[in-house]
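Enquirer: Dropping in work-v1.cif, with mmCIF, C-alpha atoms and all ligand atoms.
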```cif
data_final
loop_
_atom_site.label_atom_id
_atom_site.label_comp_id
_atom_site.auth_asym_id
_atom_site.auth_seq_id
_atom_site.Cartn_x
_atom_site.Cartn_y
_atom_site.Cartn_z
CA MET A 490 -54.74 76.59 15.69
CA ALA A 491 -57.28 75.64 18.37
CA ARG A 492 -60.46 77.66 18.47
CA PRO A 493 -60.75 80.21 21.27
CA ARG A 494 -63.38 79.19 23.83
CA ALA A 495 -66.05 81.36 25.41
CA VAL A 496 -68.20 80.69 28.47
CA VAL A 497 -71.47 82.65 28.36
CA THR A 498 -73.57 82.64 31.53
CA GLY A 499 -77.22 83.39 30.83
CA GLY A 500 -76.54 82.20 27.29
CA ALA A 501 -80.09 80.87 26.84
CA GLY A 502 -81.55 84.31 27.49
CA PHE A 503 -82.35 87.12 25.08
CA LEU A 504 -78.93 88.81 24.92
CA GLY A 505 -76.90 85.69 25.75
CA SER A 506 -78.34 83.83 22.78
CA HIS A 507 -77.43 86.64 20.37
CA LEU A 508 -73.93 86.91 21.87
CA SER A 509 -73.41 83.14 21.61
CA GLU A 510 -74.47 83.26 17.98
CA ARG A 511 -71.97 86.05 17.18
CA LEU A 512 -69.15 84.33 19.08
CA LEU A 513 -69.73 81.11 17.11
CA HIS A 514 -69.72 83.17 13.93
CA GLU A 515 -66.36 84.67 14.98
CA GLY A 516 -64.86 81.18 15.36
CA TYR A 517 -65.25 80.61 19.10
CA SER A 518 -66.46 77.42 20.65
CA VAL A 519 -69.17 78.39 23.12
CA LEU A 520 -70.20 76.85 26.43
CA CYS A 521 -73.41 78.33 27.70
CA LEU A 522 -74.36 78.00 31.39
CA ASP A 523 -77.97 78.76 32.21
CA ASP A 524 -80.55 77.73 34.80
CA PHE A 525 -83.47 78.55 32.45
CA SER A 526 -85.14 80.68 35.12
CA THR A 527 -85.96 83.41 32.58
CA GLY A 528 -84.37 81.98 29.44
CA SER A 529 -85.07 78.85 27.46
CA PRO A 530 -83.14 76.17 25.54
CA ALA A 531 -85.38 77.08 22.58
CA ASN A 532 -83.47 80.38 22.25
CA VAL A 533 -80.28 78.53 21.35
CA ALA A 534 -81.65 75.37 19.74
CA HIS A 535 -80.56 76.66 16.32
CA LEU A 536 -76.94 77.05 17.49
CA ALA A 537 -76.28 73.32 17.63
CA GLU A 538 -75.75 73.51 13.86
CA ALA A 539 -73.91 76.84 13.88
CA GLY A 540 -70.64 75.54 15.34
CA PRO A 541 -69.15 73.96 18.46
CA PHE A 542 -71.84 74.90 20.97
CA ARG A 543 -72.75 73.31 24.31
CA LEU A 544 -75.58 74.20 26.61
CA VAL A 545 -75.35 73.11 30.25
CA ARG A 546 -78.07 73.63 32.83
CA ALA A 547 -76.35 75.28 35.81
CA ASN A 548 -77.18 77.85 38.44
CA VAL A 549 -74.05 80.01 38.64
CA THR A 550 -75.04 81.00 42.18
CA ASP A 551 -74.37 77.40 43.32
CA PHE A 552 -70.95 76.92 41.74
CA VAL A 553 -69.14 77.28 38.42
CA HIS A 554 -66.83 74.54 37.24
CA VAL A 555 -65.57 74.20 33.68
CA VAL A 556 -63.09 71.61 32.45
CA GLY A 557 -60.48 72.73 29.91
CA ASP A 558 -59.18 76.05 28.63
CA VAL A 559 -61.34 79.15 28.55
CA ASP A 560 -60.33 82.39 26.81
CA VAL A 561 -63.27 84.65 27.62
CA VAL A 562 -66.05 84.62 30.22
CA LEU A 563 -69.18 86.70 29.58
CA HIS A 564 -71.33 86.97 32.70
CA PHE A 565 -74.85 87.76 31.46
CA ALA A 566 -76.87 85.57 33.83
CA SER A 567 -79.43 87.60 35.76
CA PRO A 568 -83.14 88.26 35.68
CA ALA A 569 -83.31 91.52 33.72
CA SER A 570 -86.89 92.70 33.41
CA PRO A 571 -88.72 94.26 36.37
CA VAL A 572 -91.38 91.53 36.22
CA ASP A 573 -88.65 88.90 36.64
CA TYR A 574 -86.49 90.53 39.30
CA LEU A 575 -89.47 91.58 41.41
CA ARG A 576 -90.66 87.94 41.29
CA MET A 577 -87.13 86.66 42.12
CA PRO A 578 -85.58 89.36 44.33
CA ILE A 579 -83.23 87.11 46.30
CA GLU A 580 -82.14 85.10 43.25
CA THR A 581 -81.37 88.41 41.53
CA LEU A 582 -79.20 89.61 44.41
CA LYS A 583 -77.47 86.22 44.54
CA VAL A 584 -76.64 85.97 40.86
CA GLY A 585 -75.29 89.54 40.85
CA SER A 586 -73.15 88.92 43.93
CA ILE A 587 -72.31 85.22 44.40
CA GLY A 588 -72.74 84.45 40.68
CA THR A 589 -70.33 87.26 39.82
CA LEU A 590 -67.87 85.99 42.45
CA HIS A 591 -67.99 82.49 40.93
CA THR A 592 -67.60 83.64 37.33
CA LEU A 593 -64.71 85.95 38.25
CA GLY A 594 -63.12 82.94 39.98
CA LEU A 595 -63.46 81.01 36.73
CA ALA A 596 -61.82 83.83 34.75
CA LYS A 597 -58.99 83.98 37.28
CA GLU A 598 -58.42 80.22 37.23
CA LYS A 599 -58.34 80.10 33.42
CA GLY A 600 -56.52 83.40 32.80
CA ALA A 601 -59.54 84.47 30.73
CA ARG A 602 -60.82 87.96 29.91
CA PHE A 603 -64.04 88.67 31.81
CA LEU A 604 -66.97 90.77 30.61
CA LEU A 605 -69.68 91.78 33.09
CA ALA A 606 -73.14 92.71 31.81
CA SER A 607 -74.00 95.70 33.96
CA THR A 608 -76.85 98.07 33.31
CA SER A 609 -77.94 101.65 32.93
CA GLU A 610 -80.01 100.91 36.06
CA ALA A 611 -76.73 101.44 37.93
CA TYR A 612 -77.54 105.16 37.40
CA GLY A 613 -80.93 104.75 39.13
CA ASP A 614 -83.26 107.72 38.67
CA PRO A 615 -80.47 109.96 37.35
CA GLN A 616 -79.88 113.56 38.29
CA VAL A 617 -77.33 114.02 35.52
CA HIS A 618 -78.59 113.85 31.94
CA PRO A 619 -77.42 112.28 29.69
CA GLN A 620 -75.51 109.79 31.82
CA PRO A 621 -71.72 109.54 31.40
CA GLU A 622 -69.80 106.64 32.97
CA THR A 623 -68.32 109.06 35.50
CA TYR A 624 -71.77 109.65 37.05
CA TRP A 625 -72.17 107.59 40.25
CA GLY A 626 -75.92 107.32 40.05
CA HIS A 627 -78.99 107.91 42.20
CA VAL A 628 -80.29 104.55 43.37
CA ASN A 629 -82.76 103.77 46.15
CA PRO A 630 -81.20 100.70 47.80
CA VAL A 631 -84.32 99.83 49.83
CA GLY A 632 -86.95 100.29 47.11
CA PRO A 633 -88.27 97.26 45.20
CA ARG A 634 -85.92 97.87 42.23
CA GLY A 635 -82.93 98.02 44.58
CA VAL A 636 -82.52 94.24 44.27
CA TYR A 637 -81.50 94.60 40.65
CA ASP A 638 -79.73 97.96 40.72
CA GLU A 639 -77.67 97.17 43.80
CA ALA A 640 -76.85 93.63 42.64
CA LYS A 641 -75.34 95.14 39.50
CA ARG A 642 -73.52 97.87 41.42
CA PHE A 643 -72.08 95.20 43.72
CA ALA A 644 -71.13 93.12 40.66
CA GLU A 645 -69.26 96.12 39.25
CA ALA A 646 -67.40 96.64 42.54
CA MET A 647 -66.51 92.94 42.73
CA THR A 648 -65.26 93.01 39.14
CA MET A 649 -63.00 95.98 39.86
CA ALA A 650 -61.73 94.30 43.03
CA TYR A 651 -60.71 91.19 41.06
CA ARG A 652 -59.02 93.44 38.53
CA ARG A 653 -57.11 95.46 41.14
CA ALA A 654 -56.36 92.78 43.72
CA GLN A 655 -56.13 89.63 41.59
CA GLY A 656 -54.96 90.96 38.23
CA VAL A 657 -57.94 89.53 36.32
CA ASP A 658 -58.41 91.09 32.88
CA THR A 659 -61.91 92.51 33.27
CA ALA A 660 -64.39 94.73 31.44
CA ILE A 661 -67.77 96.16 32.40
CA VAL A 662 -70.47 97.10 29.91
CA ARG A 663 -73.39 99.27 31.09
CA ILE A 664 -76.20 98.18 28.82
CA PHE A 665 -79.10 100.52 28.05
CA ASN A 666 -82.55 99.20 27.10
CA THR A 667 -82.22 96.73 24.25
CA HIS A 668 -84.85 95.00 22.16
CA GLY A 669 -84.99 92.39 19.43
CA PRO A 670 -86.00 88.85 18.57
CA ARG A 671 -86.23 86.28 21.38
CA MET A 672 -87.56 88.68 24.02
CA ARG A 673 -90.50 87.13 25.84
CA PRO A 674 -93.77 88.85 24.86
CA ASP A 675 -94.84 88.86 28.52
CA ASP A 676 -91.55 89.92 30.13
CA GLY A 677 -93.05 93.28 31.06
CA ARG A 678 -90.48 95.46 29.29
CA ALA A 679 -91.93 98.34 27.30
CA VAL A 680 -91.09 97.25 23.75
CA PRO A 681 -92.43 93.67 23.87
CA THR A 682 -95.44 94.81 25.90
CA PHE A 683 -96.38 97.57 23.44
CA ILE A 684 -95.85 95.28 20.44
CA ARG A 685 -97.91 92.44 21.92
CA GLN A 686 -100.70 94.82 22.86
CA ALA A 687 -100.66 96.58 19.47
CA LEU A 688 -100.72 93.24 17.63
CA SER A 689 -103.68 92.05 19.68
CA GLY A 690 -105.58 95.30 19.13
CA GLY A 691 -106.13 95.67 22.89
CA PRO A 692 -105.14 98.82 24.79
CA ILE A 693 -101.46 99.81 24.96
CA THR A 694 -100.70 100.43 28.62
CA VAL A 695 -98.47 103.45 29.23
CA ALA A 696 -97.18 104.04 32.76
CA GLY A 697 -97.86 107.42 34.40
CA ASP A 698 -98.45 110.24 31.93
CA GLY A 699 -95.99 108.66 29.48
CA SER A 700 -93.55 111.57 29.63
CA GLN A 701 -90.73 109.51 31.19
CA THR A 702 -88.04 108.77 28.61
CA ARG A 703 -85.94 105.80 27.55
CA SER A 704 -83.24 105.33 24.93
CA ILE A 705 -83.65 101.98 23.26
CA GLN A 706 -81.25 100.16 21.01
CA TYR A 707 -81.54 97.23 18.65
CA VAL A 708 -79.85 94.02 19.77
CA ASP A 709 -77.36 93.87 16.86
CA ASP A 710 -75.85 97.19 17.97
CA LEU A 711 -75.55 95.97 21.56
CA VAL A 712 -73.84 92.74 20.49
CA ASP A 713 -71.42 94.71 18.33
CA GLY A 714 -70.56 97.03 21.25
CA CYS A 715 -70.07 94.12 23.67
CA LEU A 716 -67.75 92.27 21.31
CA ARG A 717 -65.72 95.38 20.57
CA LEU A 718 -65.28 95.85 24.31
CA LEU A 719 -64.44 92.16 24.79
CA HIS A 720 -61.76 92.33 22.10
CA SER A 721 -60.29 95.58 23.43
CA ARG A 722 -58.09 96.12 26.47
CA GLU A 723 -60.54 98.56 28.06
CA ALA A 724 -61.80 97.96 31.60
CA GLY A 725 -64.82 100.22 31.40
CA PRO A 726 -67.43 100.72 32.53
CA VAL A 727 -68.52 101.63 29.01
CA ASN A 728 -72.07 102.70 28.15
CA ILE A 729 -73.57 100.85 25.19
CA GLY A 730 -76.90 102.33 24.21
CA ASN A 731 -78.62 104.39 21.56
CA PRO A 732 -78.76 108.08 22.56
CA CYS A 733 -82.00 108.54 20.61
CA GLU A 734 -84.34 109.34 23.51
CA VAL A 735 -88.12 108.96 23.34
CA SER A 736 -90.92 109.35 25.83
CA MET A 737 -92.95 106.25 26.61
CA ALA A 738 -96.04 107.83 25.04
CA GLU A 739 -94.08 108.57 21.82
CA LEU A 740 -92.77 105.01 21.81
CA ALA A 741 -96.28 103.59 22.23
CA LEU A 742 -97.57 105.73 19.34
CA LEU A 743 -94.65 104.73 17.11
CA VAL A 744 -95.15 101.02 17.82
CA ARG A 745 -98.85 101.39 17.13
CA GLU A 746 -98.14 103.09 13.82
CA LEU A 747 -95.50 100.54 12.73
CA VAL A 748 -97.79 97.63 13.64
CA GLY A 749 -100.67 99.31 11.80
CA SER A 750 -102.93 98.88 14.79
CA ALA A 751 -105.67 101.12 16.17
CA SER A 752 -105.13 100.19 19.82
CA LEU A 753 -106.06 102.85 22.32
CA LEU A 754 -103.48 104.15 24.79
CA GLU A 755 -104.42 103.40 28.40
CA TYR A 756 -102.59 105.20 31.19
CA VAL A 757 -101.78 103.04 34.24
CA PRO A 758 -99.97 103.84 37.53
CA ARG A 759 -96.22 104.24 37.31
CA PRO A 760 -94.08 101.70 39.18
CA GLU A 761 -92.18 102.85 42.28
CA ASP A 762 -88.76 104.42 41.57
CA ASP A 763 -89.34 104.24 37.81
CA PRO A 764 -86.57 106.43 36.30
CA THR A 765 -87.79 109.73 34.85
CA VAL A 766 -85.15 110.01 32.13
CA ARG A 767 -82.57 107.74 30.58
CA ARG A 768 -80.04 108.52 27.86
CA PRO A 769 -76.47 107.30 27.47
CA ASP A 770 -73.53 109.57 26.87
CA ILE A 771 -71.63 107.37 24.40
CA SER A 772 -68.53 109.55 23.94
CA LEU A 773 -66.37 106.89 25.61
CA ALA A 774 -67.64 104.02 23.42
CA ARG A 775 -67.12 106.22 20.36
CA SER A 776 -63.55 107.14 21.27
CA VAL A 777 -62.16 103.89 22.73
CA LEU A 778 -64.19 101.30 20.79
CA GLY A 779 -65.04 103.22 17.63
CA TRP A 780 -68.63 102.11 18.33
CA GLU A 781 -71.89 103.81 17.71
CA PRO A 782 -75.36 102.47 17.01
CA ARG A 783 -76.26 101.87 13.37
CA VAL A 784 -79.88 100.77 13.54
CA ASP A 785 -82.30 103.63 13.94
CA LEU A 786 -85.30 103.44 16.22
CA ALA A 787 -88.03 102.76 13.65
CA ASP A 788 -85.90 100.26 11.72
CA GLY A 789 -85.07 98.31 14.84
CA LEU A 790 -88.69 98.30 15.97
CA ARG A 791 -89.81 97.03 12.56
CA ARG A 792 -87.44 94.07 12.90
CA THR A 793 -88.64 93.24 16.41
CA ILE A 794 -92.28 93.62 15.34
CA ASP A 795 -91.72 91.25 12.40
CA TRP A 796 -90.28 88.67 14.75
CA PHE A 797 -93.16 88.97 17.23
CA ARG A 798 -95.65 88.76 14.41
CA GLY A 799 -94.11 85.42 13.43
CA GLU A 800 -94.02 84.20 17.04
CA LEU A 801 -97.50 85.29 18.02
CA GLY A 802 -98.96 84.57 14.60
CA ALA A 803 -100.84 87.82 14.93
CA ASP A 804 -102.21 90.28 12.44
CA PRO A 805 -103.23 93.64 13.82
CA ALA A 806 -106.85 93.81 14.80
CA PRO A 807 -109.01 95.81 12.40
CA ALA A 808 -108.95 99.55 12.97
CA ARG A 809 -111.34 100.89 15.59
CA ALA A 810 -112.37 104.45 16.08
CA VAL A 811 -109.84 106.19 18.36
P1 LIG A 901 -82.87 87.31 30.03
O1 LIG A 901 -83.73 87.12 31.23
O2 LIG A 901 -83.45 87.03 28.69
O3 LIG A 901 -81.54 86.46 30.17
C1 LIG A 901 -80.92 86.17 31.39
C2 LIG A 901 -80.50 84.71 31.38
O4 LIG A 901 -79.83 84.40 32.61
C3 LIG A 901 -81.69 83.75 31.30
O5 LIG A 901 -81.46 82.78 30.29
C4 LIG A 901 -81.76 83.11 32.68
O6 LIG A 901 -82.32 81.81 32.65
C5 LIG A 901 -80.31 83.14 33.09
N1 LIG A 901 -80.07 83.12 34.54
C6 LIG A 901 -80.66 83.90 35.49
N2 LIG A 901 -80.18 83.58 36.71
C7 LIG A 901 -79.27 82.58 36.51
C8 LIG A 901 -78.44 81.82 37.39
N3 LIG A 901 -78.43 82.03 38.71
N4 LIG A 901 -77.62 80.88 36.85
C9 LIG A 901 -77.61 80.66 35.51
N5 LIG A 901 -78.38 81.34 34.64
C10 LIG A 901 -79.21 82.29 35.14
O7 LIG A 901 -82.34 88.80 30.12
P2 LIG A 901 -81.48 89.64 29.05
O8 LIG A 901 -82.28 90.81 28.64
O9 LIG A 901 -80.91 88.75 28.01
O10 LIG A 901 -80.30 90.18 29.98
C11 LIG A 901 -79.02 89.56 29.99
C12 LIG A 901 -78.08 90.37 30.85
O11 LIG A 901 -77.95 91.69 30.34
C13 LIG A 901 -78.53 90.50 32.30
O12 LIG A 901 -77.41 90.41 33.14
C14 LIG A 901 -79.12 91.89 32.35
O13 LIG A 901 -79.03 92.45 33.63
C15 LIG A 901 -78.26 92.64 31.35
N6 LIG A 901 -78.97 93.80 30.78
C16 LIG A 901 -79.95 93.64 29.85
C17 LIG A 901 -80.60 94.75 29.34
C18 LIG A 901 -81.67 94.64 28.27
O14 LIG A 901 -82.21 95.67 27.85
N7 LIG A 901 -81.98 93.46 27.77
C19 LIG A 901 -80.28 96.04 29.81
C20 LIG A 901 -79.31 96.16 30.79
C21 LIG A 901 -78.63 95.02 31.26
#
```
For this file, produce the structure as structure tokens.
Ligand code: NAD

Expert:
Amino acid sequence: MARPRAVVTGGAGFLGSHLSERLLHEGYSVLCLDDFSTGSPANVAHLAEAGPFRLVRANVTDFVHVVGDVDVVLHFASPASPVDYLRMPIETLKVGSIGTLHTLGLAKEKGARFLLASTSEAYGDPQVHPQPETYWGHVNPVGPRGVYDEAKRFAEAMTMAYRRAQGVDTAIVRIFNTHGPRMRPDDGRAVPTFIRQALSGGPITVAGDGSQTRSIQYVDDLVDGCLRLLHSREAGPVNIGNPCEVSMAELALLVRELVGSASLLEYVPRPEDDPTVRRPDISLARSVLGWEPRVDLADGLRRTIDWFRGELGADPAPARAV
């Protein structure tokens, strides 16, 4: 029997590379479309040997054309960290809107199942806590972060329109903060930033008073949740995230302890519209996908720290008086 074939947009990014790896492992052939704006061919270089894998440089905002059968389309292309989407606001809006239109068109043409990578940022600065999928969110459309949040909300609406009006078999995953190997140390997200700073022995910069919370999951759990959703008949949206909630100050202290560093904590101004709390309600993922996270916070952080240590070649700086 012929192998099923997956198209992964953003496949050379952090999550896309892990998803491509798992799909190859499951027996798919994988075509990855990426413009390398925030990802890199180096993230998937090892996949050439892992199975039938092709990487094509393409901006999915321009057009999407794929020859041959396609069984599943995973649309993960988008700048994802605040540093990236604030630097590329228009590209972010375009890939969430026009890029989603093009990839849905591909799924329709090929009769493929479509999975949209949406985000917990669709909930904005939430007024319901924890956040269930039924919560419509609290997003500032005209603030700087609006370019990302609204692009994803538009992408969700477009996905549901293709499902309702065009009969495309679609699914939406709302991804909560995820970390793991192949994140860029300078991408500005809390986990890589804290790890890089702790490994260098310099100050760990915590935004505001550090009391704002996040719920962070390890990448293996996220990949497992996405593939369960892909292989199900559910439309979603489905939250995939670890409900273990920590404040940013607690996270900084934990990273510092796990790295074995004596970095000082330095408090810096909080970005505009930075969410105050964030925690997924995962009842739906539990009941319809039988999914829940398996990697606990410290374990996951240890794995990401080990990877960064290898990448940055860093040993923690000698302890200083705190
Ligand atoms: P990433 O920046 O590592 O990966 C995104 C990839 O998309 C990159 O390889 C980039 O080059 C590519 N890309 C961007 N614009 C493109 C375009 N127009 N055409 C083709 N390729 C393009 O980010 P990530 O963390 O892997 O995020 C992947 C997806 O998951 C994104 O859609 C993001 O919004 C979503 N997500 C991620 C998280 C997280 O915690 N990592 C949380 C919520 C949602």

Enquirer: Work out how far apart CA of Arg602 (chain A) and atom P1 of ligand LIG 901 (chain A) are and give it in Å to one decimal.

Expert: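 One can read the CA of Arg602 (chain A) to atom P1 of ligand LIG 901 (chain A) distance as 22.1 Å.
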
Enquirer: Once 8 Å is added on each side, what are the centre and the three edge lengths, in Å to one decimal, of the axis-aligned box enclosing the listed atoms of region 635-650 of chain A? Present them as AutoDock Vina command-line options.

Expert:
```
--center_x -72.3 --center_y 95.5 --center_z 41.9 --size_x 37.2 --size_y 21.1 --size_z 21.4
```

Enquirer: Give me, as a VMD selection string, the set of residues whose atoms come within 8 Å of any atom of ligand LIG 901 (chain A), counting all atoms listed in the file.

Expert: chain A and resid 498 to 506 522 to 529 546 to 551 564 to 570 573 580 to 581 583 to 584 588 605 to 610 637 641 663 to 668 671 to 673 705

Enquirer: Selection from above, C-alpha atoms, as a compact mmCIF listing (two decimals), in the frame of the given file, can you write it?

Expert:
```
# COMPACT_ATOMS: atom_id res chain seq x y z
CA THR A 498 -73.57 82.64 31.53
CA GLY A 499 -77.22 83.39 30.83
CA GLY A 500 -76.54 82.20 27.29
CA ALA A 501 -80.09 80.87 26.84
CA GLY A 502 -81.55 84.31 27.49
CA PHE A 503 -82.35 87.12 25.08
CA LEU A 504 -78.93 88.81 24.92
CA GLY A 505 -76.90 85.69 25.75
CA SER A 506 -78.34 83.83 22.78
CA LEU A 522 -74.36 78.00 31.39
CA ASP A 523 -77.97 78.76 32.21
CA ASP A 524 -80.55 77.73 34.80
CA PHE A 525 -83.47 78.55 32.45
CA SER A 526 -85.14 80.68 35.12
CA THR A 527 -85.96 83.41 32.58
CA GLY A 528 -84.37 81.98 29.44
CA SER A 529 -85.07 78.85 27.46
CA ARG A 546 -78.07 73.63 32.83
CA ALA A 547 -76.35 75.28 35.81
CA ASN A 548 -77.18 77.85 38.44
CA VAL A 549 -74.05 80.01 38.64
CA THR A 550 -75.04 81.00 42.18
CA ASP A 551 -74.37 77.40 43.32
CA HIS A 564 -71.33 86.97 32.70
CA PHE A 565 -74.85 87.76 31.46
CA ALA A 566 -76.87 85.57 33.83
CA SER A 567 -79.43 87.60 35.76
CA PRO A 568 -83.14 88.26 35.68
CA ALA A 569 -83.31 91.52 33.72
CA SER A 570 -86.89 92.70 33.41
CA ASP A 573 -88.65 88.90 36.64
CA GLU A 580 -82.14 85.10 43.25
CA THR A 581 -81.37 88.41 41.53
CA LYS A 583 -77.47 86.22 44.54
CA VAL A 584 -76.64 85.97 40.86
CA GLY A 588 -72.74 84.45 40.68
CA LEU A 605 -69.68 91.78 33.09
CA ALA A 606 -73.14 92.71 31.81
CA SER A 607 -74.00 95.70 33.96
CA THR A 608 -76.85 98.07 33.31
CA SER A 609 -77.94 101.65 32.93
CA GLU A 610 -80.01 100.91 36.06
CA TYR A 637 -81.50 94.60 40.65
CA LYS A 641 -75.34 95.14 39.50
CA ARG A 663 -73.39 99.27 31.09
CA ILE A 664 -76.20 98.18 28.82
CA PHE A 665 -79.10 100.52 28.05
CA ASN A 666 -82.55 99.20 27.10
CA THR A 667 -82.22 96.73 24.25
CA HIS A 668 -84.85 95.00 22.16
CA ARG A 671 -86.23 86.28 21.38
CA MET A 672 -87.56 88.68 24.02
CA ARG A 673 -90.50 87.13 25.84
CA ILE A 705 -83.65 101.98 23.26
```

Enquirer: Do you have the CA of His554 (chain A)-CA of His591 (chain A) distance handy?

Expert: 8.8 Å

Enquirer: Could you state the separation of CA of Pro541 (chain A) and CA of Glu510 (chain A) in Å, given to one decimal place?

Expert: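 These atoms are spaced 10.7 Å apart.
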
Enquirer: Could you check which of A:Val662, A:Met737, A:Ala611, A:Val617 is closest to Glu639 (chain A), using only C-alpha atoms?

Expert: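 Comparing A:Val662, A:Met737, A:Ala611, A:Val617 against Glu639 (chain A), the winner is A:Ala611.
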
Enquirer: Tell me which protein, DNA and RNA residues are within 8 Å of Ala644 (chain A), counting all atoms listed in the file, leaving out same-chain ones fewer than 4 positions away, and put them as a PyMOL selection string.

Expert: chain A and resi 585-586+589+605+607+640+648

Enquirer: Any idea what's packed within 8 Å of region 627-630 of chain A, counting all atoms listed in the file, ignoring anything in its chain fewer than 5 positions away? Could you give it as a ChimeraX atom specification?

Expert: /A:611-616,635-636,638-639,762

Enquirer: My list of candidates is A:Gln701, A:Ala531, A:Ala539, A:Val559. Which is closest to His514 (chain A) when distances are computed with only C-alpha atoms?

Expert: A:Ala539

Enquirer: Name the closest residue to Asp698 (chain A) among the candidates A:Ser736, A:Ser509, A:Ser772, A:Gln655; distances are taken between atoms, counting all atoms listed in the file.

Expert: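 Under the stated criterion, the closest residue is A:Ser736.
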
Enquirer: Identify which of the residues A:Gly789, A:Gly600, A:Gly802, A:Pro760 lies closest to Gly669 (chain A), counting only C-alpha atoms when measuring atom-to-atom distances.

Expert: A:Gly789

Enquirer: Between A:Pro621, A:Pro758, A:Pro782, A:Pro530, which residue has the minimum interatomic distance to Gly697 (chain A), considering only C-alpha atoms?

Expert: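 Closest to Gly697 (chain A), using only C-alpha atoms: A:Pro758.
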
Enquirer: Write out as number ranges by chain each polymer residue whose atoms come within 10 Å of Arg685 (chain A), counting all atoms listed in the file; drop sequence neighbours fewer than 3 positions from it.

Expert: A: 673-675, 679-682, 688-691, 693, 744, 748, 794, 797-798, 801, 803, 805

Enquirer: Under the rule that all atoms listed in the file are counted, which of A:Leu743, A:Val497, A:Ala646, A:Ala660 is the nearest residue to His720 (chain A)?

Expert: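 Residue with the minimum atom-to-atom distance to His720 (chain A): A:Ala660.
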
Enquirer: What are the nearest atom pairs, with distances in Å to one decimal, for all residues of region 646-743 of chain A that come at most 9 Å from region 766-770 of chain A, using all atoms listed in the file, set out by chain and rising residue number as a tab-separated table?

Expert:
```
residue	atom	partner	partner_atom	distance
A:Phe665	CA	A:Pro769	CA	7.3
A:Ser700	CA	A:Val766	CA	8.9
A:Gln701	CA	A:Val766	CA	5.7
A:Thr702	CA	A:Val766	CA	4.7
A:Arg703	CA	A:Arg767	CA	4.9
A:Ser704	CA	A:Arg768	CA	5.4
A:Ile705	CA	A:Arg768	CA	8.8
A:Asn728	CA	A:Pro769	CA	6.4
A:Ile729	CA	A:Pro769	CA	7.4
A:Gly730	CA	A:Pro769	CA	6.0
A:Asn731	CA	A:Pro769	CA	6.9
A:Pro732	CA	A:Arg768	CA	5.5
A:Cys733	CA	A:Arg768	CA	7.5
A:Glu734	CA	A:Arg768	CA	6.2
A:Ser736	CA	A:Val766	CA	8.6
```
